[in-house]
$ cat upload29.txt   # compact mmCIF, C-alpha atoms
# COMPACT_ATOMS: atom_id res chain seq x y z
CA MET A 286 -60.50 18.00 20.74
CA ASP A 287 -62.15 17.31 17.39
CA ILE A 288 -61.51 13.80 16.19
CA ARG A 289 -60.81 15.15 12.69
CA ILE A 290 -57.93 17.26 14.02
CA LEU A 291 -56.42 14.19 15.64
CA TYR A 292 -56.62 12.28 12.35
CA VAL A 293 -55.02 15.18 10.44
CA ARG A 294 -52.16 15.47 12.93
CA ARG A 295 -51.58 11.74 12.89
CA ALA A 296 -51.58 11.63 9.08
CA ARG A 297 -49.15 14.56 8.99
CA ARG A 298 -46.84 12.81 11.43
CA ILE A 299 -46.90 9.59 9.39
CA PHE A 300 -46.20 11.55 6.19
CA VAL A 301 -43.20 13.28 7.76
CA LEU A 302 -41.84 9.98 9.05
CA CYS A 303 -42.20 8.40 5.61
CA LEU A 304 -40.35 11.28 3.98
CA ALA A 305 -37.58 11.03 6.54
CA SER A 306 -37.31 7.29 5.96
CA LEU A 307 -37.15 7.71 2.20
CA TRP A 308 -34.58 10.50 2.53
CA GLY A 309 -32.39 8.39 4.76
CA LEU A 310 -32.74 5.41 2.45
CA GLY A 311 -31.67 7.48 -0.51
CA LEU A 312 -28.56 8.67 1.30
CA THR A 313 -27.27 5.69 3.21
CA GLY A 314 -29.74 2.81 2.96
CA GLN A 315 -28.53 1.62 -0.41
CA SER A 316 -28.43 -2.04 -1.33
CA LEU A 317 -25.44 -3.33 -3.28
CA SER A 318 -24.62 -6.64 -4.89
CA LEU A 319 -21.25 -8.32 -5.34
CA ASP A 320 -21.28 -7.77 -9.12
CA SER A 321 -22.20 -4.09 -8.79
CA CYS A 322 -19.42 -3.55 -6.23
CA TYR A 323 -16.85 -5.10 -8.55
CA ALA A 324 -18.18 -3.11 -11.51
CA MET A 325 -17.85 0.14 -9.56
CA ALA A 326 -14.40 -0.82 -8.24
CA ARG A 327 -13.21 -1.65 -11.76
CA ARG A 328 -14.71 1.54 -13.20
CA ASN A 329 -13.05 3.72 -10.56
CA TYR A 330 -9.73 1.88 -10.39
CA PRO A 331 -6.94 4.12 -11.77
CA LEU A 332 -5.45 1.28 -13.82
CA VAL A 333 -8.58 1.23 -16.03
CA GLN A 334 -7.32 4.43 -17.64
CA GLN A 335 -4.57 2.29 -19.14
CA PHE A 336 -7.07 0.92 -21.69
CA ASP A 337 -7.67 4.37 -23.18
CA LEU A 338 -3.94 5.07 -23.24
CA ILE A 339 -3.29 1.78 -25.04
CA GLU A 340 -5.96 2.58 -27.66
CA LYS A 341 -4.61 6.09 -28.22
CA SER A 342 -1.06 4.80 -28.55
CA LYS A 343 -2.19 2.11 -30.99
CA ALA A 344 -4.11 4.62 -33.11
CA LEU A 345 -1.11 6.96 -33.34
CA SER A 346 1.28 4.11 -34.14
CA LEU A 347 -1.04 2.75 -36.86
CA GLU A 348 -1.36 6.21 -38.35
CA ASN A 349 2.42 6.59 -38.44
CA ALA A 350 2.86 3.16 -40.01
CA ALA A 351 0.24 3.98 -42.66
CA LYS A 352 2.45 6.84 -43.79
CA GLY A 353 4.56 4.14 -45.43
CA TYR A 354 1.93 3.94 -48.18
CA LEU A 355 2.57 7.57 -49.10
CA PRO A 356 5.38 8.78 -51.40
CA GLN A 357 8.56 9.64 -49.55
CA LEU A 358 9.77 13.19 -50.17
CA ALA A 359 13.33 14.44 -49.81
CA VAL A 360 15.17 17.66 -50.62
CA ASN A 361 18.96 17.67 -50.92
CA GLY A 362 21.58 20.23 -51.80
CA GLN A 363 25.34 20.37 -52.04
CA ALA A 364 28.13 22.78 -52.95
CA THR A 365 31.55 21.27 -53.67
CA PHE A 366 35.01 22.22 -54.81
CA GLN A 367 37.09 19.57 -56.50
CA SER A 368 40.73 19.35 -57.47
CA GLU A 369 40.07 18.17 -60.98
CA VAL A 370 37.27 18.34 -63.55
CA THR A 371 36.45 16.48 -66.74
CA ARG A 372 38.49 17.66 -69.73
CA LEU A 373 38.39 16.65 -73.43
CA PRO A 374 41.79 15.27 -74.46
CA ILE A 375 41.40 16.70 -78.02
CA SER A 376 41.38 20.14 -79.56
CA PHE A 377 40.14 21.51 -82.87
CA PRO A 378 41.44 24.58 -84.69
CA GLY A 379 39.05 27.48 -84.30
CA LEU A 380 36.94 25.61 -81.70
CA ASN A 381 37.04 26.80 -78.14
CA VAL A 382 36.10 23.96 -75.72
CA PRO A 383 34.82 25.44 -72.43
CA GLU A 384 36.48 24.29 -69.22
CA LEU A 385 34.28 23.19 -66.33
CA SER A 386 34.46 25.07 -63.06
CA LYS A 387 35.94 23.28 -60.08
CA ASP A 388 33.21 24.69 -57.80
CA GLN A 389 29.96 22.88 -58.48
CA TYR A 390 26.42 23.27 -57.04
CA ARG A 391 23.35 21.11 -56.99
CA LEU A 392 19.89 21.43 -55.38
CA PHE A 393 17.33 18.70 -56.06
CA GLY A 394 14.17 17.10 -54.71
CA GLU A 395 13.16 13.47 -54.95
CA VAL A 396 9.83 11.68 -54.75
CA ASN A 397 10.16 7.97 -53.94
CA GLN A 398 7.12 5.68 -54.06
CA PRO A 399 7.76 2.26 -52.43
CA LEU A 400 6.18 -0.62 -54.31
CA THR A 401 7.13 -3.78 -52.44
CA ASP A 402 7.21 -2.02 -49.03
CA LEU A 403 3.42 -1.86 -49.03
CA PHE A 404 3.38 -5.43 -47.69
CA PHE A 405 5.98 -4.48 -45.10
CA VAL A 406 3.71 -1.68 -43.85
CA LYS A 407 0.85 -4.13 -43.34
CA GLU A 408 3.10 -6.41 -41.27
CA GLN A 409 4.15 -3.44 -39.15
CA GLN A 410 0.52 -2.57 -38.50
CA ASP A 411 -0.27 -6.17 -37.52
CA LEU A 412 2.63 -6.06 -35.04
CA ILE A 413 1.30 -2.82 -33.55
CA ARG A 414 -2.13 -4.38 -33.08
CA ALA A 415 -0.60 -7.51 -31.54
CA ASN A 416 1.46 -5.47 -29.06
CA ALA A 417 -1.59 -3.38 -28.14
CA ALA A 418 -3.59 -6.55 -27.51
CA LEU A 419 -0.74 -7.83 -25.33
CA GLU A 420 -0.73 -4.64 -23.23
CA THR A 421 -4.50 -4.87 -22.88
CA GLN A 422 -4.29 -8.43 -21.57
CA LYS A 423 -1.55 -7.47 -19.12
CA THR A 424 -3.90 -4.83 -17.74
CA GLU A 425 -6.71 -7.41 -17.51
CA VAL A 426 -4.42 -9.65 -15.46
CA GLU A 427 -3.85 -6.82 -12.97
CA LEU A 428 -7.57 -6.08 -12.82
CA HIS A 429 -8.24 -9.74 -12.08
CA LYS A 430 -6.36 -9.22 -8.80
CA LEU A 431 -8.76 -6.38 -8.01
CA ARG A 432 -11.69 -8.83 -8.06
CA GLU A 433 -10.00 -10.84 -5.29
CA ARG A 434 -9.70 -7.71 -3.13
CA VAL A 435 -13.37 -6.90 -3.64
CA TYR A 436 -14.35 -10.46 -2.70
CA GLN A 437 -12.35 -10.38 0.53
CA LEU A 438 -13.84 -7.06 1.65
CA TYR A 439 -17.39 -7.87 0.52
CA PHE A 440 -17.52 -11.23 2.32
CA GLY A 441 -15.83 -9.64 5.31
CA VAL A 442 -18.80 -7.28 5.64
CA LEU A 443 -21.27 -10.17 5.21
CA TYR A 444 -19.48 -12.18 7.88
CA MET A 445 -19.63 -9.27 10.31
CA ASP A 446 -23.34 -8.80 9.55
CA ALA A 447 -24.03 -12.47 10.30
CA ARG A 448 -22.02 -12.26 13.53
CA LEU A 449 -23.99 -9.16 14.56
CA GLU A 450 -27.27 -10.95 13.91
CA GLN A 451 -26.14 -13.88 16.04
CA ALA A 452 -24.99 -11.51 18.80
CA GLN A 453 -28.47 -10.01 18.87
CA LEU A 454 -29.93 -13.52 19.28
CA LEU A 455 -27.51 -14.14 22.14
CA ILE A 456 -28.68 -10.97 23.86
CA LYS A 457 -32.30 -12.09 23.50
CA ASP A 458 -31.46 -15.44 25.14
CA LEU A 459 -29.63 -13.69 27.97
CA GLU A 460 -32.49 -11.24 28.48
CA ALA A 461 -35.00 -14.10 28.54
CA GLY A 462 -32.88 -15.93 31.09
CA LEU A 463 -32.50 -12.76 33.17
CA ALA A 464 -36.26 -12.34 33.22
CA LYS A 465 -36.66 -15.91 34.49
CA VAL A 466 -34.01 -15.42 37.18
CA GLN A 467 -35.50 -12.10 38.31
CA ALA A 468 -38.86 -13.83 38.70
CA ALA A 469 -37.17 -16.59 40.68
CA VAL A 470 -35.38 -14.02 42.87
CA ALA A 471 -38.70 -12.30 43.55
CA GLY A 472 -40.16 -15.67 44.52
CA GLY A 473 -37.25 -16.40 46.85
CA VAL A 474 -35.99 -19.45 44.93
CA ALA A 475 -32.89 -17.79 43.42
CA LEU A 476 -30.11 -15.51 44.58
CA LYS A 477 -29.55 -11.97 43.38
CA SER A 478 -25.98 -12.89 42.42
CA GLN A 479 -27.39 -15.17 39.73
CA ALA A 480 -29.17 -12.23 38.13
CA ASP A 481 -25.98 -10.16 38.40
CA GLN A 482 -24.09 -12.90 36.60
CA LEU A 483 -26.52 -12.71 33.67
CA ARG A 484 -26.29 -8.92 33.61
CA ALA A 485 -22.49 -9.19 33.33
CA GLU A 486 -22.88 -11.57 30.38
CA LEU A 487 -25.27 -9.09 28.77
CA LEU A 488 -22.68 -6.36 29.07
CA LYS A 489 -20.07 -8.63 27.49
CA ALA A 490 -22.45 -9.41 24.61
CA ARG A 491 -23.05 -5.70 24.01
CA GLN A 492 -19.30 -5.11 24.02
CA GLN A 493 -19.00 -7.83 21.41
CA ILE A 494 -21.56 -6.02 19.27
CA ALA A 495 -19.51 -2.82 19.51
CA GLU A 496 -16.40 -4.69 18.40
CA LEU A 497 -18.22 -6.34 15.50
CA LYS A 498 -19.62 -3.00 14.34
CA SER A 499 -16.14 -1.54 14.41
CA GLY A 500 -14.83 -4.44 12.32
CA ARG A 501 -17.70 -4.12 9.87
CA ARG A 502 -17.05 -0.39 9.55
CA ALA A 503 -13.42 -1.07 8.67
CA TYR A 504 -14.38 -3.57 5.92
CA ALA A 505 -17.12 -1.28 4.59
CA GLU A 506 -14.86 1.78 4.48
CA ALA A 507 -12.19 -0.16 2.58
CA LEU A 508 -14.81 -1.43 0.13
CA GLY A 509 -16.23 2.07 -0.19
CA LEU A 510 -12.76 3.38 -1.00
CA LEU A 511 -12.46 0.92 -3.88
CA THR A 512 -15.98 1.54 -5.19
CA ARG A 513 -16.05 5.26 -4.35
CA GLN A 514 -19.33 4.77 -2.52
CA ASN A 515 -20.23 6.20 0.87
CA MET A 516 -20.85 3.02 2.87
CA ASP A 517 -22.02 3.07 6.47
CA GLU A 518 -23.89 0.78 8.88
CA LYS A 519 -27.11 1.24 6.87
CA THR A 520 -25.58 0.06 3.61
CA VAL A 521 -26.96 -3.40 2.85
CA LEU A 522 -24.80 -5.90 0.98
CA GLU A 523 -26.80 -8.64 -0.67
CA THR A 524 -25.72 -12.19 0.05
CA PRO A 525 -24.89 -13.69 -3.36
CA ALA A 526 -26.30 -17.01 -4.42
CA ALA A 527 -24.01 -20.00 -4.48
CA PRO A 528 -22.40 -20.05 -7.95
CA LEU A 529 -22.41 -23.04 -10.25
CA PRO A 530 -19.13 -24.98 -10.26
CA ALA A 531 -16.83 -24.16 -13.16
CA THR A 532 -14.65 -26.69 -14.97
CA GLU A 533 -13.06 -24.68 -17.79
CA ILE A 534 -10.14 -22.36 -17.00
CA ARG A 535 -10.63 -18.91 -18.54
CA ARG A 536 -8.04 -16.85 -16.73
CA PRO A 537 -6.85 -13.61 -18.41
CA GLU A 538 -3.29 -14.93 -18.10
CA LEU A 539 -4.08 -17.48 -20.84
CA ALA A 540 -5.16 -14.71 -23.19
CA MET A 541 -1.97 -12.84 -22.27
CA PHE A 542 0.18 -15.86 -23.20
CA GLY A 543 -1.70 -16.09 -26.50
CA ALA A 544 -1.11 -12.39 -27.18
CA GLN A 545 2.61 -12.84 -26.47
CA GLN A 546 2.79 -15.70 -28.97
CA GLN A 547 0.96 -13.65 -31.59
CA SER A 548 3.38 -10.75 -31.10
CA LEU A 549 6.33 -13.07 -31.69
CA VAL A 550 4.69 -14.45 -34.85
CA GLN A 551 4.37 -10.92 -36.23
CA GLN A 552 7.98 -10.16 -35.35
CA SER A 553 9.03 -13.29 -37.26
CA ARG A 554 7.19 -12.06 -40.35
CA LEU A 555 9.02 -8.74 -40.14
CA ILE A 556 12.35 -10.61 -40.08
CA ASN A 557 11.34 -12.40 -43.29
CA ASN A 558 10.45 -9.10 -44.93
CA LYS A 559 13.82 -7.57 -44.00
CA THR A 560 15.61 -10.09 -46.23
CA LEU A 561 13.49 -9.31 -49.32
CA PRO A 562 14.58 -6.84 -52.06
CA ARG A 563 12.94 -3.42 -52.18
CA LEU A 564 11.53 -2.01 -55.40
CA SER A 565 10.37 1.58 -55.72
CA ALA A 566 9.53 4.19 -58.36
CA PHE A 567 11.20 7.57 -58.09
CA PHE A 568 11.29 11.02 -59.67
CA GLN A 569 14.16 13.42 -59.10
CA GLY A 570 14.19 17.03 -60.27
CA GLY A 571 16.79 19.66 -59.56
CA TYR A 572 18.89 22.61 -60.59
CA GLY A 573 22.65 22.81 -60.59
CA ARG A 574 26.02 23.23 -62.29
CA PRO A 575 26.68 20.97 -64.02
CA ALA A 576 23.27 19.35 -64.57
CA LEU A 577 22.95 16.08 -66.47
CA ASN A 578 25.25 17.40 -69.17
CA VAL A 579 28.58 17.13 -67.39
CA LEU A 580 30.31 19.13 -70.13
CA SER A 581 28.10 22.18 -69.60
CA ASN A 582 29.39 24.85 -67.24
CA ASP A 583 25.98 26.55 -66.93
CA PHE A 584 23.25 26.29 -64.29
CA ASP A 585 20.48 24.10 -65.78
CA PRO A 586 17.35 22.33 -64.51
CA TYR A 587 17.10 18.56 -64.88
CA PHE A 588 14.98 15.55 -63.91
CA ILE A 589 15.39 11.78 -63.68
CA THR A 590 12.65 9.18 -63.26
CA GLY A 591 12.57 5.41 -63.19
CA LEU A 592 12.63 2.32 -60.95
CA ARG A 593 15.08 1.62 -58.14
CA LEU A 594 15.99 -1.78 -56.67
CA ASN A 595 17.59 -2.08 -53.27
CA TRP A 596 18.50 -5.37 -51.60
CA ASN A 597 20.22 -5.30 -48.23
CA ILE A 598 22.14 -8.59 -48.36
CA SER A 599 23.67 -8.00 -44.92
CA SER A 600 20.25 -8.65 -43.30
CA PHE A 601 20.92 -12.35 -43.88
CA TYR A 602 23.80 -12.17 -41.40
CA THR A 603 21.49 -11.91 -38.38
CA SER A 604 18.13 -13.14 -39.66
CA GLY A 605 18.83 -16.78 -38.74
CA ASN A 606 19.82 -15.96 -35.17
CA GLU A 607 16.84 -13.63 -34.81
CA ARG A 608 14.47 -16.41 -35.84
CA GLN A 609 16.07 -18.81 -33.37
CA LEU A 610 15.76 -16.19 -30.63
CA LEU A 611 12.06 -15.76 -31.35
CA SER A 612 11.60 -19.53 -31.40
CA THR A 613 13.29 -19.75 -27.99
CA GLN A 614 11.01 -17.05 -26.63
CA GLN A 615 7.95 -18.88 -27.98
CA SER A 616 9.08 -22.08 -26.23
CA ALA A 617 9.60 -20.15 -22.99
CA ILE A 618 6.07 -18.75 -23.22
CA ALA A 619 4.68 -22.24 -23.85
CA VAL A 620 6.49 -23.49 -20.73
CA GLN A 621 5.11 -20.59 -18.70
CA ARG A 622 1.61 -21.35 -19.95
CA GLU A 623 1.83 -25.04 -19.05
CA THR A 624 3.26 -24.20 -15.62
CA PHE A 625 0.46 -21.71 -15.00
CA LEU A 626 -2.19 -24.26 -16.04
CA LEU A 627 -0.68 -26.92 -13.78
CA ASN A 628 -0.60 -24.60 -10.76
CA THR A 629 -4.13 -23.42 -11.49
CA ARG A 630 -5.45 -26.98 -11.74
CA LEU A 631 -3.78 -27.83 -8.43
CA ALA A 632 -5.39 -24.79 -6.82
CA VAL A 633 -8.77 -25.75 -8.28
CA GLN A 634 -8.52 -29.27 -6.85
CA GLN A 635 -7.64 -27.91 -3.41
CA GLN A 636 -10.56 -25.50 -3.56
CA GLN A 637 -12.96 -28.25 -4.59
CA ALA A 638 -11.84 -30.34 -1.61
CA GLU A 639 -12.23 -27.29 0.62
CA ILE A 640 -15.76 -26.65 -0.67
CA ALA A 641 -16.72 -30.27 0.06
CA LYS A 642 -15.29 -29.92 3.57
CA TRP A 643 -17.32 -26.77 4.34
CA GLN A 644 -20.48 -28.41 2.98
CA GLU A 645 -20.04 -31.39 5.32
CA LEU A 646 -19.33 -29.13 8.29
CA ILE A 647 -22.45 -27.06 7.63
CA VAL A 648 -24.63 -30.18 7.73
CA SER A 649 -23.17 -31.23 11.08
CA ASP A 650 -23.43 -27.62 12.33
CA GLY A 651 -27.16 -27.72 11.78
CA GLU A 652 -27.52 -30.91 13.81
CA ILE A 653 -25.37 -29.53 16.64
CA ILE A 654 -27.41 -26.31 16.78
CA LEU A 655 -30.68 -28.24 17.08
CA LEU A 656 -29.32 -30.21 20.02
CA ARG A 657 -27.80 -27.17 21.71
CA GLU A 658 -31.00 -25.19 21.27
CA SER A 659 -33.10 -27.97 22.76
CA VAL A 660 -30.85 -28.16 25.85
CA LYS A 661 -30.89 -24.38 26.24
CA ASN A 662 -34.66 -24.12 25.97
CA THR A 663 -35.11 -26.80 28.61
CA ALA A 664 -32.65 -25.05 30.92
CA GLN A 665 -34.41 -21.74 30.36
CA GLN A 666 -37.69 -23.21 31.62
CA GLN A 667 -35.93 -24.72 34.62
CA LEU A 668 -34.53 -21.34 35.67
CA SER A 669 -37.94 -20.36 37.03
CA ASN A 670 -37.99 -23.08 39.70
CA GLY A 671 -34.26 -22.98 40.41
CA THR A 672 -33.52 -26.53 39.29
CA VAL A 673 -30.78 -25.20 36.95
CA THR A 674 -28.08 -22.81 38.07
CA THR A 675 -27.29 -19.63 36.25
CA THR A 676 -23.83 -20.94 35.46
CA ASP A 677 -25.28 -24.03 33.80
CA TYR A 678 -27.71 -21.93 31.80
CA LEU A 679 -24.89 -19.63 30.63
CA ASN A 680 -22.88 -22.65 29.57
CA TYR A 681 -25.81 -23.91 27.50
CA VAL A 682 -26.39 -20.46 25.96
CA ASN A 683 -22.70 -20.01 25.14
CA ALA A 684 -22.51 -23.50 23.66
CA GLU A 685 -25.43 -22.75 21.34
CA ASP A 686 -23.97 -19.35 20.50
CA LEU A 687 -20.62 -20.93 19.65
CA ALA A 688 -22.36 -23.54 17.46
CA ARG A 689 -24.25 -20.81 15.59
CA GLN A 690 -21.05 -18.79 15.17
CA GLN A 691 -19.38 -21.86 13.68
CA LEU A 692 -22.27 -22.25 11.25
CA ILE A 693 -22.01 -18.58 10.26
CA LEU A 694 -18.27 -18.90 9.78
CA HIS A 695 -18.58 -22.10 7.77
CA ARG A 696 -21.29 -20.63 5.54
CA MET A 697 -19.17 -17.58 4.77
CA GLN A 698 -16.11 -19.75 4.21
CA LEU A 699 -18.11 -21.97 1.85
CA LEU A 700 -19.44 -19.02 -0.11
CA LEU A 701 -16.02 -17.37 -0.25
CA ALA A 702 -14.42 -20.67 -1.34
CA GLN A 703 -17.01 -21.06 -4.11
CA TYR A 704 -16.35 -17.56 -5.42
CA ASN A 705 -12.60 -18.00 -5.05
CA HIS A 706 -13.05 -21.12 -7.18
CA LEU A 707 -14.66 -18.95 -9.86
CA LEU A 708 -11.84 -16.45 -9.43
CA THR A 709 -9.19 -19.15 -9.86
CA THR A 710 -10.82 -20.55 -12.99
CA GLY A 711 -11.51 -17.07 -14.39
CA ASN A 712 -15.27 -17.58 -14.77

$ encode --input "upload29.txt" --output "structure tokens"
Amino acid sequence: MDIRILYVRRARRIFVLCLASLWGLGLTGQSLSLDSCYAMARRNYPLVQQFDLIEKSKALSLENAAKGYLPQLAVNGQATFQSEVTRLPISFPGLNVPELSKDQYRLFGEVNQPLTDLFFVKEQQDLIRANAALETQKTEVELHKLRERVYQLYFGVLYMDARLEQAQLLIKDLEAGLAKVQAAVAGGVALKSQADQLRAELLKARQQIAELKSGRRAYAEALGLLTRQNMDEKTVLETPAAPLPATEIRRPELAMFGAQQQSLVQQSRLINNKTLPRLSAFFQGGYGRPALNVLSNDFDPYFITGLRLNWNISSFYTSGNERQLLSTQQSAIAVQRETFLLNTRLAVQQQQAEIAKWQELIVSDGEIILLRESVKNTAQQQLSNGTVTTTDYLNYVNAEDLARQQLILHRMQLLLAQYNHLLTTGN
């Protein structure tokens, strides 16, 4: 066959394999970071829609409150019958004084322009903004809990990946030992049962891999449900770098307490405004019988314009108690804030101690692994001449495997503790 044809076929095969690899990578071989997973989970979480609803509600409420700047319009009408009417107690010869009708009618409209209420409208709008900010912070507090869920699932996948990697190393050690034993069996220095013992351990290790893959799939599917991403065994989650320790507490609960205090401050200003007199300009025009001339029995148009003062003195009855109630609520919020800060600081101290513990354990894990690996490697060489039994070798392999599993667990626990520390401090 022509050498050029062979080269063409080989190049075609490589091209097809590359396309297939790229296609598979685009579908399932995606790489995700912890921040991107949380961003997607937050974006797709149904509670996020609450932000838009809060903004729409605030806009409508502000628009309604702004209507207080506009003149207030009213149309009124009445038809009455009365038992007595105004009469002149005098009479003149030759002068006929008309008598008013006992049925009277009036239809009028009034335009009222508040003057001092303009300040009251501004306070109402400030209260609307304060309440909207409070609802926003309450939503942020709930979304902060979502970050904890993402952390648990994300590090669960990473832990399973590390366990799978270690299980593969265990299989390699068992396969290397099996090769040594098989050579010893062929040389007549080992029994076949020793090789069978290693094969049984290999089967157990492969069963462990199947269990770990199942556990990883469960974590990945739960994380995919939150992020709305199709995650499978080919989805790679990047191991995040160890974060810098945080000292300042920036939890969304603190902003929520501040928003609650601001809402109460605005409510207190509204109470002060309720006790103030109201001044407005008005214009009233109408048509009726009688009109402004109460002695006329004809239907006539009329108008009245001027200033109107209204002072609701009864608002002083409850204003003092309302202020005390708001002051009590402010004190309660301050107590809640201090309690939250105390509990958070206690949790931070516990987490810092936990981080220090994992760091110390990881150092000792490394030393233990070096010793266990040295013993295992020596035993693996001794399998060839039969100076070490298969049982002893398996004990050494399992001891090293357990030490590596402890290191994997401690590393994941350290990383999770560090990110939980950030979560607790709100950084």

$ residues_around --input "upload29.txt" --residues "Ile647 of chain A" --least-positions-apart "4" --cutoff "8 Å" --atoms "all atoms listed in the file" --output "list in words"
Trp643, Gly651, Leu692, His695 and Arg696 of chain A

$ closest_residue --input "upload29.txt" --among "A:Leu347, A:Leu463, A:Leu385, A:Val333" --to "Gln410 of chain A" --atoms "all atoms listed in the file"
A:Leu347

$ residues_around --input "upload29.txt" --residues "Leu701 of chain A" --least-positions-apart "3" --cutoff "9 Å" --atoms "all atoms listed in the file" --output "ChimeraX atom specification"
/A:436-437,440,696-698,704-706

$ closest_residue --input "upload29.txt" --among "A:Leu428, A:Val673, A:Leu529, A:Ala364" --to "Ala326 of chain A" --atoms "all atoms listed in the file"
A:Leu428

$ closest_residue --input "upload29.txt" --among "A:Leu577, A:Ala452, A:Ala418, A:Ala531" --to "Arg391 of chain A" --atoms "all atoms listed in the file"
A:Leu577

$ atom_distance --input "upload29.txt" --atom1 "atom CA of Pro537 of chain A" --atom2 "atom CA of Leu707 of chain A"
12.8 Å

$ residues_around --input "upload29.txt" --residues "Arg328 of chain A" --least-positions-apart "5" --cutoff "12 Å" --atoms "all atoms listed in the file" --output "tab-separated table (two decimals) with C-alpha atoms, in the frame of the given file"
chain	number	residue	atom	x	y	z
A	321	SER	CA	-22.20	-4.09	-8.79
A	322	CYS	CA	-19.42	-3.55	-6.23
A	323	TYR	CA	-16.85	-5.10	-8.55
A	333	VAL	CA	-8.58	1.23	-16.03
A	334	GLN	CA	-7.32	4.43	-17.64
A	335	GLN	CA	-4.57	2.29	-19.14
A	336	PHE	CA	-7.07	0.92	-21.69
A	428	LEU	CA	-7.57	-6.08	-12.82
A	431	LEU	CA	-8.76	-6.38	-8.01
A	432	ARG	CA	-11.69	-8.83	-8.06
A	511	LEU	CA	-12.46	0.92	-3.88
A	512	THR	CA	-15.98	1.54	-5.19
A	513	ARG	CA	-16.05	5.26	-4.35

$ closest_residue --input "upload29.txt" --among "A:Tyr390, A:Pro586, A:Gln635, A:Ile556" --to "Thr603 of chain A" --atoms "only C-alpha atoms"
A:Ile556

$ decode --input "upload29.txt" --residues "segment 423-427 of chain A" --atoms "all heavy atoms" --output "short mmCIF file (atom, residue, chain, number, x, y, z; two decimals), in the first residue's frame"
data_model
loop_
_atom_site.label_atom_id
_atom_site.label_comp_id
_atom_site.auth_asym_id
_atom_site.auth_seq_id
_atom_site.Cartn_x
_atom_site.Cartn_y
_atom_site.Cartn_z
N LYS A 423 -33.47 41.31 53.90
CA LYS A 423 -34.01 40.03 54.34
C LYS A 423 -33.79 38.96 53.27
O LYS A 423 -33.48 37.80 53.59
CB LYS A 423 -35.50 40.18 54.65
CG LYS A 423 -35.81 40.94 55.92
CD LYS A 423 -37.32 41.02 56.16
CE LYS A 423 -37.63 41.76 57.46
NZ LYS A 423 -39.09 41.86 57.70
N THR A 424 -33.95 39.35 52.02
CA THR A 424 -33.71 38.41 50.93
C THR A 424 -32.24 38.02 50.85
O THR A 424 -31.89 36.87 50.59
CB THR A 424 -34.18 39.01 49.60
OG1 THR A 424 -35.55 39.44 49.72
CG2 THR A 424 -34.08 38.00 48.47
N GLU A 425 -31.35 39.01 51.09
CA GLU A 425 -29.91 38.71 51.09
C GLU A 425 -29.54 37.72 52.19
O GLU A 425 -28.66 36.88 52.00
CB GLU A 425 -29.11 40.01 51.25
CG GLU A 425 -29.11 40.93 50.03
CD GLU A 425 -28.29 40.35 48.89
OE1 GLU A 425 -27.61 39.33 49.08
OE2 GLU A 425 -28.35 40.93 47.79
N VAL A 426 -30.20 37.83 53.33
CA VAL A 426 -29.95 36.89 54.43
C VAL A 426 -30.31 35.47 54.00
O VAL A 426 -29.57 34.51 54.27
CB VAL A 426 -30.74 37.31 55.68
CG1 VAL A 426 -30.68 36.22 56.75
CG2 VAL A 426 -30.20 38.61 56.24
N GLU A 427 -31.44 35.32 53.32
CA GLU A 427 -31.83 33.99 52.85
C GLU A 427 -30.87 33.46 51.78
O GLU A 427 -30.56 32.27 51.76
CB GLU A 427 -33.26 34.04 52.29
CG GLU A 427 -34.32 34.32 53.34
CD GLU A 427 -34.36 33.25 54.42
OE1 GLU A 427 -34.23 32.06 54.09
OE2 GLU A 427 -34.51 33.62 55.61
#
